[in-house]
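Data from final26.pdb: PDB, C-alpha atoms and all ligand atoms
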```
ATOM      1  CA  MET A   1      29.663 -15.151  59.278  1.00  0.00           C
ATOM      2  CA  THR A   2      26.776 -17.420  60.190  1.00  0.00           C
ATOM      3  CA  SER A   3      23.453 -17.027  58.366  1.00  0.00           C
ATOM      4  CA  LYS A   4      21.394 -18.586  61.161  1.00  0.00           C
ATOM      5  CA  PRO A   5      20.528 -16.462  64.194  1.00  0.00           C
ATOM      6  CA  ILE A   6      23.020 -16.726  67.021  1.00  0.00           C
ATOM      7  CA  ALA A   7      21.513 -18.378  70.082  1.00  0.00           C
ATOM      8  CA  ILE A   8      22.194 -16.430  73.258  1.00  0.00           C
ATOM      9  CA  GLY A   9      21.354 -17.169  76.881  1.00  0.00           C
ATOM     10  CA  SER A  10      22.406 -16.421  80.429  1.00  0.00           C
ATOM     11  CA  ASP A  11      21.609 -16.908  84.075  1.00  0.00           C
ATOM     12  CA  HIS A  12      21.135 -13.948  86.430  1.00  0.00           C
ATOM     13  CA  GLY A  13      24.926 -13.516  86.778  1.00  0.00           C
ATOM     14  CA  GLY A  14      25.202 -12.981  83.042  1.00  0.00           C
ATOM     15  CA  PHE A  15      21.935 -11.182  82.457  1.00  0.00           C
ATOM     16  CA  GLU A  16      23.303  -7.636  82.227  1.00  0.00           C
ATOM     17  CA  LEU A  17      26.168  -8.591  79.911  1.00  0.00           C
ATOM     18  CA  LYS A  18      23.778 -10.640  77.773  1.00  0.00           C
ATOM     19  CA  ASN A  19      21.649  -7.554  77.203  1.00  0.00           C
ATOM     20  CA  HIS A  20      24.710  -5.495  76.288  1.00  0.00           C
ATOM     21  CA  ILE A  21      25.817  -8.173  73.831  1.00  0.00           C
ATOM     22  CA  ILE A  22      22.330  -8.296  72.321  1.00  0.00           C
ATOM     23  CA  ASP A  23      22.468  -4.510  71.797  1.00  0.00           C
ATOM     24  CA  HIS A  24      25.885  -4.938  70.215  1.00  0.00           C
ATOM     25  CA  LEU A  25      24.653  -7.658  67.853  1.00  0.00           C
ATOM     26  CA  LYS A  26      21.673  -5.493  66.924  1.00  0.00           C
ATOM     27  CA  GLU A  27      23.973  -2.567  66.163  1.00  0.00           C
ATOM     28  CA  LYS A  28      26.032  -4.789  63.897  1.00  0.00           C
ATOM     29  CA  GLY A  29      22.933  -6.156  62.173  1.00  0.00           C
ATOM     30  CA  ILE A  30      23.678  -9.684  63.357  1.00  0.00           C
ATOM     31  CA  GLU A  31      20.611 -11.867  63.863  1.00  0.00           C
ATOM     32  CA  TYR A  32      20.207 -13.544  67.238  1.00  0.00           C
ATOM     33  CA  LYS A  33      17.623 -15.409  69.240  1.00  0.00           C
ATOM     34  CA  ASP A  34      17.405 -14.783  72.962  1.00  0.00           C
ATOM     35  CA  TYR A  35      16.776 -17.991  74.932  1.00  0.00           C
ATOM     36  CA  GLY A  36      16.494 -16.195  78.250  1.00  0.00           C
ATOM     37  CA  ILE A  37      16.527 -15.534  81.032  1.00  0.00           C
ATOM     38  CA  TYR A  38      14.255 -12.586  80.370  1.00  0.00           C
ATOM     39  CA  GLU A  39      14.357 -10.903  83.781  1.00  0.00           C
ATOM     40  CA  GLU A  40      17.115 -10.620  86.349  1.00  0.00           C
ATOM     41  CA  LYS A  41      15.860 -13.324  88.699  1.00  0.00           C
ATOM     42  CA  SER A  42      17.886 -16.144  90.185  1.00  0.00           C
ATOM     43  CA  ALA A  43      18.211 -18.972  87.665  1.00  0.00           C
ATOM     44  CA  ASP A  44      20.253 -22.168  87.584  1.00  0.00           C
ATOM     45  CA  TYR A  45      22.943 -22.052  84.923  1.00  0.00           C
ATOM     46  CA  PRO A  46      22.470 -25.677  83.744  1.00  0.00           C
ATOM     47  CA  ASP A  47      18.837 -24.817  82.939  1.00  0.00           C
ATOM     48  CA  CYS A  48      19.975 -21.710  81.094  1.00  0.00           C
ATOM     49  CA  ALA A  49      22.610 -23.599  79.088  1.00  0.00           C
ATOM     50  CA  ARG A  50      20.150 -26.237  77.868  1.00  0.00           C
ATOM     51  CA  PRO A  51      18.003 -24.296  75.331  1.00  0.00           C
ATOM     52  CA  VAL A  52      21.034 -22.704  73.689  1.00  0.00           C
ATOM     53  CA  CYS A  53      22.846 -26.055  73.443  1.00  0.00           C
ATOM     54  CA  GLU A  54      19.716 -27.690  72.045  1.00  0.00           C
ATOM     55  CA  ALA A  55      19.325 -24.917  69.462  1.00  0.00           C
ATOM     56  CA  VAL A  56      22.896 -25.501  68.287  1.00  0.00           C
ATOM     57  CA  LEU A  57      22.504 -29.277  68.260  1.00  0.00           C
ATOM     58  CA  ASN A  58      19.171 -29.296  66.431  1.00  0.00           C
ATOM     59  CA  GLY A  59      20.400 -26.850  63.796  1.00  0.00           C
ATOM     60  CA  ASP A  60      18.287 -23.844  64.756  1.00  0.00           C
ATOM     61  CA  ALA A  61      21.610 -22.072  65.345  1.00  0.00           C
ATOM     62  CA  ASP A  62      25.196 -22.719  64.277  1.00  0.00           C
ATOM     63  CA  LYS A  63      26.632 -20.708  67.123  1.00  0.00           C
ATOM     64  CA  GLY A  64      25.678 -19.867  70.687  1.00  0.00           C
ATOM     65  CA  ILE A  65      26.717 -17.413  73.366  1.00  0.00           C
ATOM     66  CA  LEU A  66      26.272 -18.351  77.032  1.00  0.00           C
ATOM     67  CA  ILE A  67      26.939 -16.124  80.002  1.00  0.00           C
ATOM     68  CA  CYS A  68      26.875 -16.708  83.744  1.00  0.00           C
ATOM     69  CA  GLY A  69      28.680 -14.903  86.549  1.00  0.00           C
ATOM     70  CA  THR A  70      32.092 -16.383  85.851  1.00  0.00           C
ATOM     71  CA  GLY A  71      31.274 -18.282  82.674  1.00  0.00           C
ATOM     72  CA  ILE A  72      32.537 -21.412  84.425  1.00  0.00           C
ATOM     73  CA  GLY A  73      29.310 -23.118  85.476  1.00  0.00           C
ATOM     74  CA  ILE A  74      27.537 -22.509  82.202  1.00  0.00           C
ATOM     75  CA  SER A  75      30.524 -23.748  80.177  1.00  0.00           C
ATOM     76  CA  ILE A  76      30.815 -26.904  82.281  1.00  0.00           C
ATOM     77  CA  ALA A  77      27.092 -27.541  81.785  1.00  0.00           C
ATOM     78  CA  ALA A  78      27.221 -26.822  78.045  1.00  0.00           C
ATOM     79  CA  ASN A  79      30.115 -29.208  77.510  1.00  0.00           C
ATOM     80  CA  LYS A  80      28.021 -32.080  78.906  1.00  0.00           C
ATOM     81  CA  PHE A  81      25.914 -31.974  75.726  1.00  0.00           C
ATOM     82  CA  ASN A  82      27.356 -34.312  73.088  1.00  0.00           C
ATOM     83  CA  GLY A  83      28.458 -32.235  70.133  1.00  0.00           C
ATOM     84  CA  ILE A  84      28.834 -28.992  72.026  1.00  0.00           C
ATOM     85  CA  ARG A  85      32.271 -27.433  72.165  1.00  0.00           C
ATOM     86  CA  ALA A  86      31.859 -24.527  74.546  1.00  0.00           C
ATOM     87  CA  ALA A  87      34.865 -22.265  75.116  1.00  0.00           C
ATOM     88  CA  LEU A  88      35.052 -19.976  78.120  1.00  0.00           C
ATOM     89  CA  CYS A  89      36.969 -16.936  76.932  1.00  0.00           C
ATOM     90  CA  SER A  90      38.126 -13.841  78.745  1.00  0.00           C
ATOM     91  CA  ASP A  91      40.647 -12.685  76.136  1.00  0.00           C
ATOM     92  CA  VAL A  92      40.607 -12.055  72.420  1.00  0.00           C
ATOM     93  CA  TYR A  93      43.426 -14.469  71.515  1.00  0.00           C
ATOM     94  CA  SER A  94      41.632 -17.399  73.127  1.00  0.00           C
ATOM     95  CA  ALA A  95      38.402 -16.404  71.395  1.00  0.00           C
ATOM     96  CA  LYS A  96      40.154 -16.528  67.999  1.00  0.00           C
ATOM     97  CA  MET A  97      41.857 -19.839  68.768  1.00  0.00           C
ATOM     98  CA  SER A  98      38.663 -21.361  70.129  1.00  0.00           C
ATOM     99  CA  LYS A  99      37.195 -21.089  66.639  1.00  0.00           C
ATOM    100  CA  GLU A 100      40.347 -21.647  64.537  1.00  0.00           C
ATOM    101  CA  HIS A 101      41.603 -24.678  66.457  1.00  0.00           C
ATOM    102  CA  ASN A 102      38.698 -25.976  68.541  1.00  0.00           C
ATOM    103  CA  ASN A 103      35.782 -25.019  66.289  1.00  0.00           C
ATOM    104  CA  ALA A 104      33.911 -23.925  69.408  1.00  0.00           C
ATOM    105  CA  ASN A 105      30.216 -23.786  68.594  1.00  0.00           C
ATOM    106  CA  ILE A 106      29.456 -21.919  71.820  1.00  0.00           C
ATOM    107  CA  ILE A 107      31.414 -19.146  73.460  1.00  0.00           C
ATOM    108  CA  CYS A 108      30.995 -18.542  77.191  1.00  0.00           C
ATOM    109  CA  LEU A 109      31.634 -15.347  79.070  1.00  0.00           C
ATOM    110  CA  GLY A 110      31.639 -14.261  82.685  1.00  0.00           C
ATOM    111  CA  GLY A 111      29.327 -11.338  83.250  1.00  0.00           C
ATOM    112  CA  ARG A 112      31.016 -10.559  86.565  1.00  0.00           C
ATOM    113  CA  VAL A 113      34.500 -11.000  85.132  1.00  0.00           C
ATOM    114  CA  THR A 114      34.702  -9.529  81.657  1.00  0.00           C
ATOM    115  CA  GLY A 115      33.915  -5.898  80.950  1.00  0.00           C
ATOM    116  CA  ARG A 116      31.420  -4.947  78.315  1.00  0.00           C
ATOM    117  CA  GLU A 117      33.771  -3.579  75.660  1.00  0.00           C
ATOM    118  CA  LEU A 118      36.189  -6.483  76.006  1.00  0.00           C
ATOM    119  CA  ALA A 119      33.248  -8.873  75.766  1.00  0.00           C
ATOM    120  CA  PHE A 120      32.220  -7.233  72.474  1.00  0.00           C
ATOM    121  CA  MET A 121      35.745  -7.693  71.096  1.00  0.00           C
ATOM    122  CA  ILE A 122      35.771 -11.325  72.228  1.00  0.00           C
ATOM    123  CA  VAL A 123      32.406 -12.040  70.602  1.00  0.00           C
ATOM    124  CA  ASP A 124      33.303 -10.203  67.361  1.00  0.00           C
ATOM    125  CA  THR A 125      36.636 -11.998  67.104  1.00  0.00           C
ATOM    126  CA  TRP A 126      35.023 -15.384  67.635  1.00  0.00           C
ATOM    127  CA  LEU A 127      32.243 -14.697  65.133  1.00  0.00           C
ATOM    128  CA  GLU A 128      34.721 -13.579  62.487  1.00  0.00           C
ATOM    129  CA  ALA A 129      37.251 -16.372  62.988  1.00  0.00           C
ATOM    130  CA  GLU A 130      37.229 -19.446  60.737  1.00  0.00           C
ATOM    131  CA  PHE A 131      37.921 -23.032  61.734  1.00  0.00           C
ATOM    132  CA  GLN A 132      41.219 -24.151  60.218  1.00  0.00           C
ATOM    133  CA  GLY A 133      40.366 -27.849  59.881  1.00  0.00           C
ATOM    134  CA  GLY A 134      43.153 -30.317  59.071  1.00  0.00           C
ATOM    135  CA  ARG A 135      44.956 -31.597  62.153  1.00  0.00           C
ATOM    136  CA  HIS A 136      42.535 -29.634  64.313  1.00  0.00           C
ATOM    137  CA  ALA A 137      39.597 -31.544  62.857  1.00  0.00           C
ATOM    138  CA  GLU A 138      41.346 -34.805  63.718  1.00  0.00           C
ATOM    139  CA  ARG A 139      41.787 -33.666  67.315  1.00  0.00           C
ATOM    140  CA  ILE A 140      38.147 -32.649  67.568  1.00  0.00           C
ATOM    141  CA  ALA A 141      37.142 -36.057  66.210  1.00  0.00           C
ATOM    142  CA  LYS A 142      39.085 -37.553  69.110  1.00  0.00           C
ATOM    143  CA  ILE A 143      37.108 -35.401  71.559  1.00  0.00           C
ATOM    144  CA  HIS A 144      33.856 -36.685  70.126  1.00  0.00           C
ATOM    145  CA  LYS A 145      35.156 -40.241  70.327  1.00  0.00           C
ATOM    146  CA  ILE A 146      35.422 -39.691  74.074  1.00  0.00           C
ATOM    147  CA  GLU A 147      31.719 -38.779  74.084  1.00  0.00           C
ATOM    148  CA  ASP A 148      30.868 -42.054  72.341  1.00  0.00           C
TER
HETATM  149  C1  LIG A 201      25.416 -17.455  90.289  1.00  0.00           C
HETATM  150  O1  LIG A 201      25.511 -16.801  91.499  1.00  0.00           O
HETATM  151  C2  LIG A 201      26.798 -17.943  89.841  1.00  0.00           C
HETATM  152  O2  LIG A 201      27.208 -19.008  90.645  1.00  0.00           O
HETATM  153  C3  LIG A 201      26.763 -18.347  88.378  1.00  0.00           C
HETATM  154  O3  LIG A 201      26.353 -17.270  87.610  1.00  0.00           O
HETATM  155  C4  LIG A 201      28.074 -18.788  87.780  1.00  0.00           C
HETATM  156  O4  LIG A 201      29.088 -17.877  88.037  1.00  0.00           O
HETATM  157  C5  LIG A 201      28.465 -20.176  88.017  1.00  0.00           C
HETATM  158  O5  LIG A 201      29.500 -20.665  87.565  1.00  0.00           O
END
```
Any chance you could put this one into structure tokens?
Amino acid sequence: MTSKPIAIGSDHGGFELKNHIIDHLKEKGIEYKDYGIYEEKSADYPDCARPVCEAVLNGDADKGILICGTGIGISIAANKFNGIRAALCSDVYSAKMSKEHNNANIICLGGRVTGRELAFMIVDTWLEAEFQGGRHAERIAKIHKIED
């Protein structure tokens, strides 16, 4: 498990689920930092993705959680940041694989798509999973070559 606080952020479509996930992290004693939004007011998901991606890229966090209505917009935005591997997950298997195979440093969820309890299982699974390295690391290196 990561020792740095987990960076978490959402737009208005993910606001409610973000707060539930924060409560869940608190209950589990997992440190987090909330990068907003802080009230349920319309917000543009690329703006909401930015501070969480920057926290991961500058080392303030090793892992981030981003939530919008579907998880789609915020994951597309997050993946525009070089070095971010954001995985939109709506099932537990994908969450596990996104860490084991893709070393996803951000997980994205859809607040209007994924129920609260399932979201907790997805987040827990992703946080507990370990990157397997080896051939997967070589594939990730190829992704980052595309960025260059
Ligand atoms: C906001 O209405 C919604 O478009 C946004 O949360 C997200 O689902 C975009 O992909």
| message | For the provided coordinates, the residues matched by the PyMOL selection byres (((chain A and resi 9) around 9) and not hetatm) should be stated as a list in words. | response |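 Here the PyMOL selection byres (((chain A and resi 9) around 9) and not hetatm) matches Ala7, Ile8, Ser10, Asp11, Gly14, Phe15, Lys18, Lys33, Asp34, Tyr35, Gly36, Ile37, Cys48, Ala49, Pro51, Val52, Gly64, Ile65, Leu66, Ile67 and Cys68 of chain A.
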| said: Given the PyMOL selection byres (((not hetatm)) within 9 of (chain A and resi 201)) and the file above, list the residues it selects as a PyMOL selection string. | reply: chain A and resi 10-14+42-45+67-76+110-112
Mind writing the picked residues with C-alpha atoms as a tab-separated table (two decimals), keeping the file's coordinate frame?
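Okay, result.tsv is ready:
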```
chain	number	residue	atom	x	y	z
A	10	SER	CA	22.41	-16.42	80.43
A	11	ASP	CA	21.61	-16.91	84.08
A	12	HIS	CA	21.14	-13.95	86.43
A	13	GLY	CA	24.93	-13.52	86.78
A	14	GLY	CA	25.20	-12.98	83.04
A	42	SER	CA	17.89	-16.14	90.18
A	43	ALA	CA	18.21	-18.97	87.66
A	44	ASP	CA	20.25	-22.17	87.58
A	45	TYR	CA	22.94	-22.05	84.92
A	67	ILE	CA	26.94	-16.12	80.00
A	68	CYS	CA	26.88	-16.71	83.74
A	69	GLY	CA	28.68	-14.90	86.55
A	70	THR	CA	32.09	-16.38	85.85
A	71	GLY	CA	31.27	-18.28	82.67
A	72	ILE	CA	32.54	-21.41	84.42
A	73	GLY	CA	29.31	-23.12	85.48
A	74	ILE	CA	27.54	-22.51	82.20
A	75	SER	CA	30.52	-23.75	80.18
A	76	ILE	CA	30.82	-26.90	82.28
A	110	GLY	CA	31.64	-14.26	82.68
A	111	GLY	CA	29.33	-11.34	83.25
A	112	ARG	CA	31.02	-10.56	86.56
```
| query | A:Val113, A:Met97, A:Leu57, A:Ala86: which is nearest A:Glu128, counting all atoms listed in the file? | reply |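 Checking each of A:Val113, A:Met97, A:Leu57, A:Ala86 against A:Glu128, counting all atoms listed in the file, the winner is A:Met97.
From atom CA of A:Asn79 back to atom CA of A:Ile140, the distance works out to 13.2 Å.
Neighbourhood of point (41.1, -23.9, 66.0): residues with an atom at most 12 Å away, counting all atoms listed in the file, are Arg85, Ala87, Tyr93, Ser94, Ala95, Lys96, Met97, Ser98, Lys99, Glu100, His101, Asn102, Asn103, Ala104, Asn105, Trp126, Ala129, Glu130, Phe131, Gln132, Gly133, Gly134, Arg135, His136, Ala137, Glu138, Arg139 and Ile140 of chain A.
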Give me, as an mmCIF file with C-alpha atoms, in the coordinates of the input, all polymer residues having an atom no more than 6 Å from stretch 28-32 of chain A, counting all atoms listed in the file and skipping those fewer than 2 positions away in the same chain.
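Saved as result_32.cif:
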```cif
data_model
loop_
_atom_site.group_PDB
_atom_site.id
_atom_site.type_symbol
_atom_site.label_atom_id
_atom_site.label_comp_id
_atom_site.auth_asym_id
_atom_site.auth_seq_id
_atom_site.Cartn_x
_atom_site.Cartn_y
_atom_site.Cartn_z
ATOM 1 C CA PRO A 5 20.528 -16.462 64.194
ATOM 2 C CA ILE A 6 23.020 -16.726 67.021
ATOM 3 C CA ALA A 7 21.513 -18.378 70.082
ATOM 4 C CA LEU A 25 24.653 -7.658 67.853
ATOM 5 C CA LYS A 26 21.673 -5.493 66.924
#
```
| Restricting the calculation to all atoms listed in the file, which member of A:Ala141, A:Glu39, A:Val92, A:Arg116 is positioned closest to A:Asp23? |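 Closest to A:Asp23, using all atoms listed in the file: A:Arg116.
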| What gap, in Å, lies between atom CA of A:Leu88 and atom CA of A:Cys108? |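 We find that atom CA of A:Leu88 and atom CA of A:Cys108 lie 4.4 Å from each other.
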| query | Can you list, as a list in words, every protein, DNA or RNA residue that comes within 8 Å of A:Thr114 when you count all atoms listed in the file, leaving out same-chain residues fewer than 5 positions away? | reply | Ser90, Leu109 and Ala119 of chain A
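Between atom CA of A:Ser3 and atom CA of A:Leu118 the separation is 24.2 Å.
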Step by step, gather every atom of stretch 24-30 of chain A that the file lists, find the box along x, y and z that holds them, add 4 Å on each side, and finally give centre and edge lengths in Å to one decimal, as lines of an AutoDock Vina configuration file.
```
center_x = 23.9
center_y = -6.1
center_z = 66.2
size_x = 12.4
size_y = 15.1
size_z = 16.0
```
Would you fill out stretch 101-112 of chain A with all heavy atoms and return it as a compact mmCIF listing (two decimals), in the frame of the given file?
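The resulting file, result21.txt, is shown below:
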```
# COMPACT_ATOMS: atom_id res chain seq x y z
N HIS A 101 41.06 -23.37 66.11
CA HIS A 101 41.60 -24.68 66.46
C HIS A 101 40.55 -25.63 67.04
O HIS A 101 40.63 -26.83 66.81
CB HIS A 101 42.73 -24.52 67.50
CG HIS A 101 43.99 -23.95 66.92
ND1 HIS A 101 45.19 -23.97 67.57
CD2 HIS A 101 44.23 -23.31 65.73
CE1 HIS A 101 46.12 -23.39 66.82
NE2 HIS A 101 45.56 -22.97 65.70
N ASN A 102 39.64 -25.10 67.82
CA ASN A 102 38.70 -25.98 68.54
C ASN A 102 37.31 -25.98 67.91
O ASN A 102 36.44 -26.71 68.37
CB ASN A 102 38.58 -25.55 70.01
CG ASN A 102 39.92 -25.30 70.66
OD1 ASN A 102 40.25 -24.18 71.06
ND2 ASN A 102 40.75 -26.33 70.74
N ASN A 103 37.09 -25.15 66.93
CA ASN A 103 35.78 -25.02 66.29
C ASN A 103 34.66 -24.92 67.33
O ASN A 103 33.63 -25.59 67.22
CB ASN A 103 35.52 -26.19 65.33
CG ASN A 103 34.48 -25.85 64.28
OD1 ASN A 103 34.14 -24.68 64.09
ND2 ASN A 103 33.95 -26.85 63.61
N ALA A 104 34.90 -24.10 68.34
CA ALA A 104 33.91 -23.92 69.41
C ALA A 104 32.59 -23.47 68.80
O ALA A 104 32.55 -22.49 68.05
CB ALA A 104 34.40 -22.91 70.43
N ASN A 105 31.52 -24.20 69.11
CA ASN A 105 30.22 -23.79 68.59
C ASN A 105 29.44 -22.94 69.62
O ASN A 105 28.38 -22.40 69.30
CB ASN A 105 29.39 -24.97 68.07
CG ASN A 105 29.38 -26.16 69.00
OD1 ASN A 105 29.74 -26.03 70.17
ND2 ASN A 105 28.96 -27.31 68.51
N ILE A 106 30.02 -22.83 70.81
CA ILE A 106 29.46 -21.92 71.82
C ILE A 106 30.62 -21.19 72.48
O ILE A 106 31.65 -21.79 72.81
CB ILE A 106 28.64 -22.70 72.87
CG1 ILE A 106 27.39 -23.29 72.20
CG2 ILE A 106 28.28 -21.81 74.06
CD1 ILE A 106 26.33 -23.82 73.14
N ILE A 107 30.43 -19.90 72.68
CA ILE A 107 31.41 -19.15 73.46
C ILE A 107 30.75 -18.76 74.78
O ILE A 107 29.56 -18.41 74.82
CB ILE A 107 31.95 -17.91 72.69
CG1 ILE A 107 33.21 -17.38 73.40
CG2 ILE A 107 30.89 -16.84 72.52
CD1 ILE A 107 34.02 -16.43 72.55
N CYS A 108 31.52 -18.88 75.87
CA CYS A 108 31.00 -18.54 77.19
C CYS A 108 31.77 -17.37 77.75
O CYS A 108 32.99 -17.25 77.54
CB CYS A 108 31.13 -19.74 78.13
SG CYS A 108 30.23 -21.19 77.55
N LEU A 109 31.04 -16.55 78.48
CA LEU A 109 31.63 -15.35 79.07
C LEU A 109 31.19 -15.23 80.52
O LEU A 109 30.12 -15.74 80.89
CB LEU A 109 31.17 -14.10 78.31
CG LEU A 109 31.65 -13.99 76.86
CD1 LEU A 109 30.67 -13.20 76.04
CD2 LEU A 109 33.02 -13.35 76.81
N GLY A 110 31.99 -14.53 81.29
CA GLY A 110 31.64 -14.26 82.68
C GLY A 110 31.16 -12.82 82.83
O GLY A 110 31.95 -11.88 82.67
N GLY A 111 29.90 -12.68 83.14
CA GLY A 111 29.33 -11.34 83.25
C GLY A 111 29.89 -10.54 84.41
O GLY A 111 29.85 -9.31 84.40
N ARG A 112 30.44 -11.26 85.41
CA ARG A 112 31.02 -10.56 86.56
C ARG A 112 32.53 -10.46 86.44
O ARG A 112 33.21 -10.05 87.38
CB ARG A 112 30.65 -11.31 87.85
CG ARG A 112 29.15 -11.32 88.12
CD ARG A 112 28.80 -12.22 89.29
NE ARG A 112 27.36 -12.26 89.53
CZ ARG A 112 26.74 -13.23 90.17
NH1 ARG A 112 27.43 -14.25 90.68
NH2 ARG A 112 25.43 -13.20 90.33
```
